[in-house]
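The block underneath contains the structure these notes are about, expressed in structure tokens.
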Amino acid sequence: MVQRYEYFAIVTPACPRPEEPGIMLRRWVDENGQVHEESFVSDLAWVPSAVLTSATFSSSDVYRVDEQAAVRFENAVRDRVRRGVTFDGRPYSYLLLIDTGDTADDPSRLLRTWTSANGYHEEQQYLPGTGWRGSYIREDWLRGRYDGTFQPIDKAAADRIVERWEQQRRAEQG
């Protein structure tokens with residue numbers, strides 16, 4: 001069975017044009033008649049979403065688009081991730097969480113942070129073998145769930161840590 005998708009562009013104040021939306025969604029129906037909704041995210045994957053069904057956005061913010069528009073959006077997101085920049089072209093900020101026994105070369109956590117289109121402070125943690133995943137490390141640290149201090153670093157230093165962690169992971173796997 002060939003999968004048929006419907007695609008939807010969601011415009012936001014920061015991305016007000018359907019040709020360059022803030023969010024791209026797709027909807028499809030499985031062989032059991034179950035409707036699935038997914039959003040393409042900076043992890044470079046389509047993940048389950050409920051944006052269309054949650055009434056988060058008004059109908060005037062939602063535009064039906066074709067598959068080519070979705071592919072353009074995917075490519076734009078891939079390009080931003082490759083260049084290490086946020087949705088609006090600004091670079092991510094990188095932080096290390098350094099705890100007792102850690103060094104700047106071997107921190108407990110590596111984070112990248114940015115401010116979303118809605119003004120929220122967002123973050124992702126790097127997990128070897130998985131990549132960048134959403135996290136709440138800074139919030140947990142503020143609540144006393146983590147010890148240590150944050151140290152800002154640049155993208156090149158973050159890339160070196162990621163590469164080292166991935167090499168270690170591959171070596172451990174044999």
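By convention here, the chains of the structure tokens are called A, B, ... in the order presented, each chain's residues are numbered starting at 1, and ligands are numbered starting at 1 in the order presented.
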Using only C-alpha atoms, which residues sit within 7 Å of stretch 99-114 of chain A once same-chain residues fewer than 2 positions away are excluded, as an MDAnalysis selection string? chainID A and resid 92:97 116 121:126 147:149 161
Produce a file of the selected residues containing N, CA and C atoms, as a CSV table (one decimal), in the first residue's frame.
```csv
chain,number,residue,atom,x,y,z
A,92,TYR,N,23.0,28.8,17.4
A,92,TYR,CA,22.7,28.3,18.7
A,92,TYR,C,23.8,28.8,19.7
A,93,SER,N,23.5,28.8,20.9
A,93,SER,CA,24.5,28.9,22.0
A,93,SER,C,24.7,27.6,22.6
A,94,TYR,N,26.0,27.3,22.9
A,94,TYR,CA,26.3,26.0,23.5
A,94,TYR,C,26.8,26.1,24.9
A,95,LEU,N,26.4,25.2,25.8
A,95,LEU,CA,26.8,25.2,27.2
A,95,LEU,C,27.3,23.8,27.6
A,96,LEU,N,28.2,23.8,28.5
A,96,LEU,CA,28.6,22.5,29.1
A,96,LEU,C,28.1,22.6,30.5
A,97,LEU,N,27.7,21.4,31.1
A,97,LEU,CA,27.4,21.3,32.5
A,97,LEU,C,28.6,20.6,33.1
A,116,SER,N,13.0,30.7,21.1
A,116,SER,CA,12.0,30.3,20.1
A,116,SER,C,11.3,31.5,19.5
A,121,HIS,N,12.8,30.1,26.1
A,121,HIS,CA,14.2,29.7,26.1
A,121,HIS,C,14.2,28.1,25.9
A,122,GLU,N,14.7,27.7,24.8
A,122,GLU,CA,14.7,26.3,24.5
A,122,GLU,C,16.1,25.7,24.6
A,123,GLU,N,16.1,24.4,24.7
A,123,GLU,CA,17.4,23.7,24.8
A,123,GLU,C,17.3,22.3,24.3
A,124,GLN,N,18.4,21.7,23.9
A,124,GLN,CA,18.6,20.3,23.5
A,124,GLN,C,19.9,19.8,24.1
A,125,GLN,N,19.9,18.6,24.5
A,125,GLN,CA,21.0,17.9,25.1
A,125,GLN,C,21.6,16.9,24.0
A,126,TYR,N,22.9,16.8,23.9
A,126,TYR,CA,23.4,15.9,22.9
A,126,TYR,C,23.6,14.5,23.6
A,147,ASP,N,23.9,19.3,40.0
A,147,ASP,CA,25.0,20.1,40.6
A,147,ASP,C,25.9,20.5,39.4
A,148,GLY,N,26.8,21.4,39.7
A,148,GLY,CA,27.8,21.8,38.7
A,148,GLY,C,27.5,23.2,38.3
A,149,THR,N,28.3,23.6,37.3
A,149,THR,CA,28.2,24.9,36.7
A,149,THR,C,28.1,24.8,35.2
A,161,ILE,N,33.5,17.9,21.0
A,161,ILE,CA,33.0,17.0,22.0
A,161,ILE,C,32.1,15.9,21.4
```
Which of stretch 6-152 of chain A counts as helix (DSSP H, G or I) under DSSP, as a PyMOL selection string please? chain A and resi 59-61+67-83+137-142
Resulting file, chosen residues, N, CA, C and O atoms, as a JSON list (two decimals), in the first residue's frame:
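File produced: again.json:
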```
[["chain", "number", "residue", "atom", "x", "y", "z"],
["A", 59, "SER", "N", -7.50, 28.52, 12.26],
["A", 59, "SER", "CA", -7.55, 27.98, 10.90],
["A", 59, "SER", "C", -6.88, 28.91, 9.89],
["A", 59, "SER", "O", -6.39, 28.47, 8.86],
["A", 60, "SER", "N", -6.81, 30.21, 10.20],
["A", 60, "SER", "CA", -6.16, 31.14, 9.29],
["A", 60, "SER", "C", -4.63, 30.99, 9.31],
["A", 60, "SER", "O", -3.95, 31.52, 8.44],
["A", 61, "ASP", "N", -4.10, 30.26, 10.29],
["A", 61, "ASP", "CA", -2.66, 30.01, 10.38],
["A", 61, "ASP", "C", -2.25, 28.72, 9.68],
["A", 61, "ASP", "O", -1.06, 28.43, 9.55],
["A", 67, "GLU", "N", 3.41, 18.16, -1.51],
["A", 67, "GLU", "CA", 4.59, 17.43, -1.03],
["A", 67, "GLU", "C", 5.88, 18.19, -1.31],
["A", 67, "GLU", "O", 6.81, 18.15, -0.51],
["A", 68, "GLN", "N", 5.94, 18.91, -2.43],
["A", 68, "GLN", "CA", 7.15, 19.67, -2.75],
["A", 68, "GLN", "C", 7.42, 20.74, -1.69],
["A", 68, "GLN", "O", 8.57, 21.01, -1.35],
["A", 69, "ALA", "N", 6.36, 21.36, -1.17],
["A", 69, "ALA", "CA", 6.54, 22.36, -0.11],
["A", 69, "ALA", "C", 7.10, 21.70, 1.15],
["A", 69, "ALA", "O", 7.96, 22.27, 1.83],
["A", 70, "ALA", "N", 6.62, 20.49, 1.45],
["A", 70, "ALA", "CA", 7.13, 19.77, 2.61],
["A", 70, "ALA", "C", 8.59, 19.41, 2.43],
["A", 70, "ALA", "O", 9.40, 19.54, 3.36],
["A", 71, "VAL", "N", 8.96, 18.98, 1.24],
["A", 71, "VAL", "CA", 10.36, 18.64, 0.95],
["A", 71, "VAL", "C", 11.24, 19.87, 1.07],
["A", 71, "VAL", "O", 12.35, 19.81, 1.64],
["A", 72, "ARG", "N", 10.77, 21.02, 0.57],
["A", 72, "ARG", "CA", 11.55, 22.27, 0.71],
["A", 72, "ARG", "C", 11.75, 22.60, 2.19],
["A", 72, "ARG", "O", 12.84, 23.01, 2.61],
["A", 73, "PHE", "N", 10.69, 22.43, 2.99],
["A", 73, "PHE", "CA", 10.79, 22.69, 4.43],
["A", 73, "PHE", "C", 11.81, 21.75, 5.07],
["A", 73, "PHE", "O", 12.67, 22.19, 5.83],
["A", 74, "GLU", "N", 11.71, 20.45, 4.76],
["A", 74, "GLU", "CA", 12.67, 19.47, 5.31],
["A", 74, "GLU", "C", 14.10, 19.88, 4.95],
["A", 74, "GLU", "O", 14.99, 19.85, 5.81],
["A", 75, "ASN", "N", 14.33, 20.23, 3.70],
["A", 75, "ASN", "CA", 15.67, 20.62, 3.26],
["A", 75, "ASN", "C", 16.15, 21.88, 3.98],
["A", 75, "ASN", "O", 17.33, 21.98, 4.33],
["A", 76, "ALA", "N", 15.25, 22.83, 4.20],
["A", 76, "ALA", "CA", 15.63, 24.05, 4.92],
["A", 76, "ALA", "C", 16.01, 23.74, 6.36],
["A", 76, "ALA", "O", 16.99, 24.28, 6.88],
["A", 77, "VAL", "N", 15.24, 22.86, 6.99],
["A", 77, "VAL", "CA", 15.56, 22.47, 8.37],
["A", 77, "VAL", "C", 16.90, 21.74, 8.40],
["A", 77, "VAL", "O", 17.75, 22.01, 9.26],
["A", 78, "ARG", "N", 17.11, 20.82, 7.48],
["A", 78, "ARG", "CA", 18.38, 20.09, 7.41],
["A", 78, "ARG", "C", 19.55, 21.06, 7.24],
["A", 78, "ARG", "O", 20.60, 20.92, 7.87],
["A", 79, "ASP", "N", 19.36, 22.06, 6.38],
["A", 79, "ASP", "CA", 20.41, 23.04, 6.15],
["A", 79, "ASP", "C", 20.70, 23.84, 7.42],
["A", 79, "ASP", "O", 21.86, 24.07, 7.77],
["A", 80, "ARG", "N", 19.65, 24.26, 8.14],
["A", 80, "ARG", "CA", 19.85, 25.01, 9.39],
["A", 80, "ARG", "C", 20.59, 24.16, 10.42],
["A", 80, "ARG", "O", 21.50, 24.63, 11.09],
["A", 81, "VAL", "N", 20.20, 22.89, 10.53],
["A", 81, "VAL", "CA", 20.86, 22.00, 11.49],
["A", 81, "VAL", "C", 22.32, 21.82, 11.10],
["A", 81, "VAL", "O", 23.22, 21.89, 11.94],
["A", 82, "ARG", "N", 22.59, 21.61, 9.81],
["A", 82, "ARG", "CA", 23.96, 21.44, 9.34],
["A", 82, "ARG", "C", 24.81, 22.67, 9.65],
["A", 82, "ARG", "O", 25.96, 22.57, 10.07],
["A", 83, "ARG", "N", 24.22, 23.85, 9.47],
["A", 83, "ARG", "CA", 24.95, 25.09, 9.73],
["A", 83, "ARG", "C", 24.96, 25.47, 11.20],
["A", 83, "ARG", "O", 25.67, 26.37, 11.61],
["A", 137, "ILE", "N", 17.48, 20.45, 31.19],
["A", 137, "ILE", "CA", 18.62, 20.41, 32.11],
["A", 137, "ILE", "C", 18.76, 21.71, 32.89],
["A", 137, "ILE", "O", 18.94, 21.70, 34.11],
["A", 138, "ARG", "N", 18.65, 22.85, 32.22],
["A", 138, "ARG", "CA", 18.82, 24.13, 32.93],
["A", 138, "ARG", "C", 17.73, 24.31, 33.98],
["A", 138, "ARG", "O", 17.99, 24.75, 35.10],
["A", 139, "GLU", "N", 16.49, 23.97, 33.63],
["A", 139, "GLU", "CA", 15.39, 24.08, 34.59],
["A", 139, "GLU", "C", 15.62, 23.12, 35.76],
["A", 139, "GLU", "O", 15.44, 23.50, 36.92],
["A", 140, "ASP", "N", 16.03, 21.89, 35.46],
["A", 140, "ASP", "CA", 16.31, 20.92, 36.53],
["A", 140, "ASP", "C", 17.46, 21.40, 37.40],
["A", 140, "ASP", "O", 17.44, 21.23, 38.62],
["A", 141, "TRP", "N", 18.47, 22.03, 36.80],
["A", 141, "TRP", "CA", 19.60, 22.56, 37.56],
["A", 141, "TRP", "C", 19.11, 23.66, 38.52],
["A", 141, "TRP", "O", 19.51, 23.69, 39.69],
["A", 142, "LEU", "N", 18.24, 24.55, 38.00],
["A", 142, "LEU", "CA", 17.70, 25.61, 38.85],
["A", 142, "LEU", "C", 16.91, 25.04, 40.03],
["A", 142, "LEU", "O", 16.87, 25.65, 41.10]]
```
Using only C-alpha atoms, which of the listed residues (A:Tyr63, A:Tyr120, A:Tyr146, A:Trp132) sits closest to A:Ile98?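 Nearest to A:Ile98: A:Tyr146.
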Neighbours of stretch 170-173 of chain A within 12 Å (only C-alpha atoms; same-chain residues fewer than 6 positions away dropped), as number ranges by chain? A: 128-129, 163-164
Hey, can you spit out that residue selection with all heavy atoms as a CSV table (one decimal), in the first residue's frame?
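The new file part-v1.csv reads:
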```
chain,number,residue,atom,x,y,z
A,128,PRO,N,25.0,10.7,22.7
A,128,PRO,CA,25.7,9.9,21.7
A,128,PRO,C,24.8,8.8,21.2
A,128,PRO,O,24.1,8.1,21.9
A,128,PRO,CB,26.9,9.4,22.5
A,128,PRO,CG,27.1,10.4,23.6
A,128,PRO,CD,25.7,10.9,24.0
A,129,GLY,N,24.9,8.6,19.9
A,129,GLY,CA,24.1,7.6,19.2
A,129,GLY,C,22.7,8.0,18.8
A,129,GLY,O,22.0,7.4,18.1
A,163,GLU,N,32.1,14.7,18.4
A,163,GLU,CA,32.9,13.8,17.6
A,163,GLU,C,33.6,12.8,18.6
A,163,GLU,O,33.6,11.6,18.3
A,163,GLU,CB,33.9,14.5,16.8
A,163,GLU,CG,34.7,13.6,15.9
A,163,GLU,CD,34.0,12.7,15.0
A,163,GLU,OE1,32.9,13.1,14.5
A,163,GLU,OE2,34.4,11.6,14.7
A,164,ARG,N,34.1,13.3,19.7
A,164,ARG,CA,34.8,12.4,20.6
A,164,ARG,C,33.8,11.4,21.3
A,164,ARG,O,34.1,10.2,21.4
A,164,ARG,CB,35.6,13.2,21.7
A,164,ARG,CG,36.4,12.4,22.6
A,164,ARG,CD,37.3,13.1,23.6
A,164,ARG,NE,36.5,14.0,24.4
A,164,ARG,CZ,36.4,15.3,24.3
A,164,ARG,NH1,37.1,15.9,23.3
A,164,ARG,NH2,35.7,16.1,25.1
```
Can you check which residues of chain A DSSP gives as strand (DSSP E or B) on the backbone and send them as a PyMOL selection string? chain A and resi 6-10+16-17+20-21+23-29+35-41+45-48+62-65+85+91+93-98+109-115+121-127+131-134+149-153
Contacts of stretch 37-46 of chain A within 6 Å, only C-alpha atoms, excl. fewer than 3 positions in-chain, as an mmCIF file with N, CA, C and O atoms, in the first residue's frame:
```cif
data_model
loop_
_atom_site.group_PDB
_atom_site.id
_atom_site.type_symbol
_atom_site.label_atom_id
_atom_site.label_comp_id
_atom_site.auth_asym_id
_atom_site.auth_seq_id
_atom_site.Cartn_x
_atom_site.Cartn_y
_atom_site.Cartn_z
ATOM 1 N N MET A 24 5.811 22.457 9.881
ATOM 2 C CA MET A 24 5.277 21.657 8.779
ATOM 3 C C MET A 24 4.706 20.377 9.373
ATOM 4 O O MET A 24 5.367 19.697 10.158
ATOM 5 N N LEU A 25 3.468 20.084 8.998
ATOM 6 C CA LEU A 25 2.783 18.892 9.496
ATOM 7 C C LEU A 25 2.387 18.002 8.332
ATOM 8 O O LEU A 25 2.231 18.472 7.208
ATOM 9 N N ARG A 26 2.204 16.743 8.653
ATOM 10 C CA ARG A 26 1.594 15.849 7.678
ATOM 11 C C ARG A 26 0.593 14.969 8.415
ATOM 12 O O ARG A 26 0.743 14.683 9.611
ATOM 13 N N ARG A 27 -0.428 14.573 7.674
ATOM 14 C CA ARG A 27 -1.477 13.721 8.241
ATOM 15 C C ARG A 27 -1.670 12.541 7.294
ATOM 16 O O ARG A 27 -1.630 12.703 6.078
ATOM 17 N N SER A 49 2.512 14.354 16.470
ATOM 18 C CA SER A 49 2.151 15.716 16.828
ATOM 19 C C SER A 49 0.649 15.783 17.014
ATOM 20 O O SER A 49 -0.080 14.920 16.545
#
```
Determine, counting only C-alpha atoms, which protein, DNA and RNA residues have an atom within 8 Å of an atom of A:Ala9; residues of the same chain fewer than 4 positions away are not included. Present the result as JSON, numbers by chain. {"A": [18, 19, 21, 22, 23, 24, 25, 62, 63, 64, 65]}
Limited to N, CA, C and O atoms, could you put the picked residues into a file as an mmCIF file, in the first residue's frame?
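Contents of part-v7.cif, freshly written:
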```cif
data_model
loop_
_atom_site.group_PDB
_atom_site.id
_atom_site.type_symbol
_atom_site.label_atom_id
_atom_site.label_comp_id
_atom_site.auth_asym_id
_atom_site.auth_seq_id
_atom_site.Cartn_x
_atom_site.Cartn_y
_atom_site.Cartn_z
ATOM 1 N N PRO A 18 3.298 31.048 4.247
ATOM 2 C CA PRO A 18 3.144 29.608 4.062
ATOM 3 C C PRO A 18 4.282 28.979 3.250
ATOM 4 O O PRO A 18 4.564 27.802 3.392
ATOM 5 N N GLU A 19 4.959 29.787 2.436
ATOM 6 C CA GLU A 19 6.095 29.280 1.662
ATOM 7 C C GLU A 19 7.300 29.019 2.560
ATOM 8 O O GLU A 19 8.188 28.253 2.190
ATOM 9 N N PRO A 21 7.083 28.350 6.354
ATOM 10 C CA PRO A 21 6.331 28.284 7.610
ATOM 11 C C PRO A 21 7.203 28.010 8.824
ATOM 12 O O PRO A 21 8.353 27.586 8.694
ATOM 13 N N GLY A 22 6.622 28.217 9.971
ATOM 14 C CA GLY A 22 7.301 27.883 11.216
ATOM 15 C C GLY A 22 7.204 26.405 11.544
ATOM 16 O O GLY A 22 8.092 25.836 12.163
ATOM 17 N N ILE A 23 6.126 25.768 11.090
ATOM 18 C CA ILE A 23 5.874 24.358 11.386
ATOM 19 C C ILE A 23 5.340 23.681 10.127
ATOM 20 O O ILE A 23 4.517 24.255 9.411
ATOM 21 N N MET A 24 5.811 22.457 9.881
ATOM 22 C CA MET A 24 5.277 21.657 8.779
ATOM 23 C C MET A 24 4.706 20.377 9.373
ATOM 24 O O MET A 24 5.367 19.697 10.158
ATOM 25 N N LEU A 25 3.468 20.084 8.998
ATOM 26 C CA LEU A 25 2.783 18.892 9.496
ATOM 27 C C LEU A 25 2.387 18.002 8.332
ATOM 28 O O LEU A 25 2.231 18.472 7.208
ATOM 29 N N VAL A 62 -3.231 27.924 9.229
ATOM 30 C CA VAL A 62 -2.982 26.606 8.651
ATOM 31 C C VAL A 62 -3.239 26.648 7.149
ATOM 32 O O VAL A 62 -4.305 27.055 6.706
ATOM 33 N N TYR A 63 -2.251 26.204 6.373
ATOM 34 C CA TYR A 63 -2.359 26.181 4.917
ATOM 35 C C TYR A 63 -2.063 24.772 4.409
ATOM 36 O O TYR A 63 -1.039 24.189 4.757
ATOM 37 N N ARG A 64 -2.960 24.240 3.595
ATOM 38 C CA ARG A 64 -2.694 22.953 2.946
ATOM 39 C C ARG A 64 -1.642 23.219 1.870
ATOM 40 O O ARG A 64 -1.775 24.164 1.085
ATOM 41 N N VAL A 65 -0.594 22.396 1.838
ATOM 42 C CA VAL A 65 0.481 22.548 0.855
ATOM 43 C C VAL A 65 0.745 21.196 0.196
ATOM 44 O O VAL A 65 0.283 20.157 0.677
#
```
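Remark: for A:Ala14, the closest of the candidate residues A:Thr115, A:Leu52, A:Lys155, A:Gly134 is A:Thr115 (distances computed over only C-alpha atoms).
You can rank A:Glu31, A:Glu166, A:Asp66, A:Asp154 by their closest distance to A:Val2 using only C-alpha atoms, and at the top of that list sits A:Glu31.
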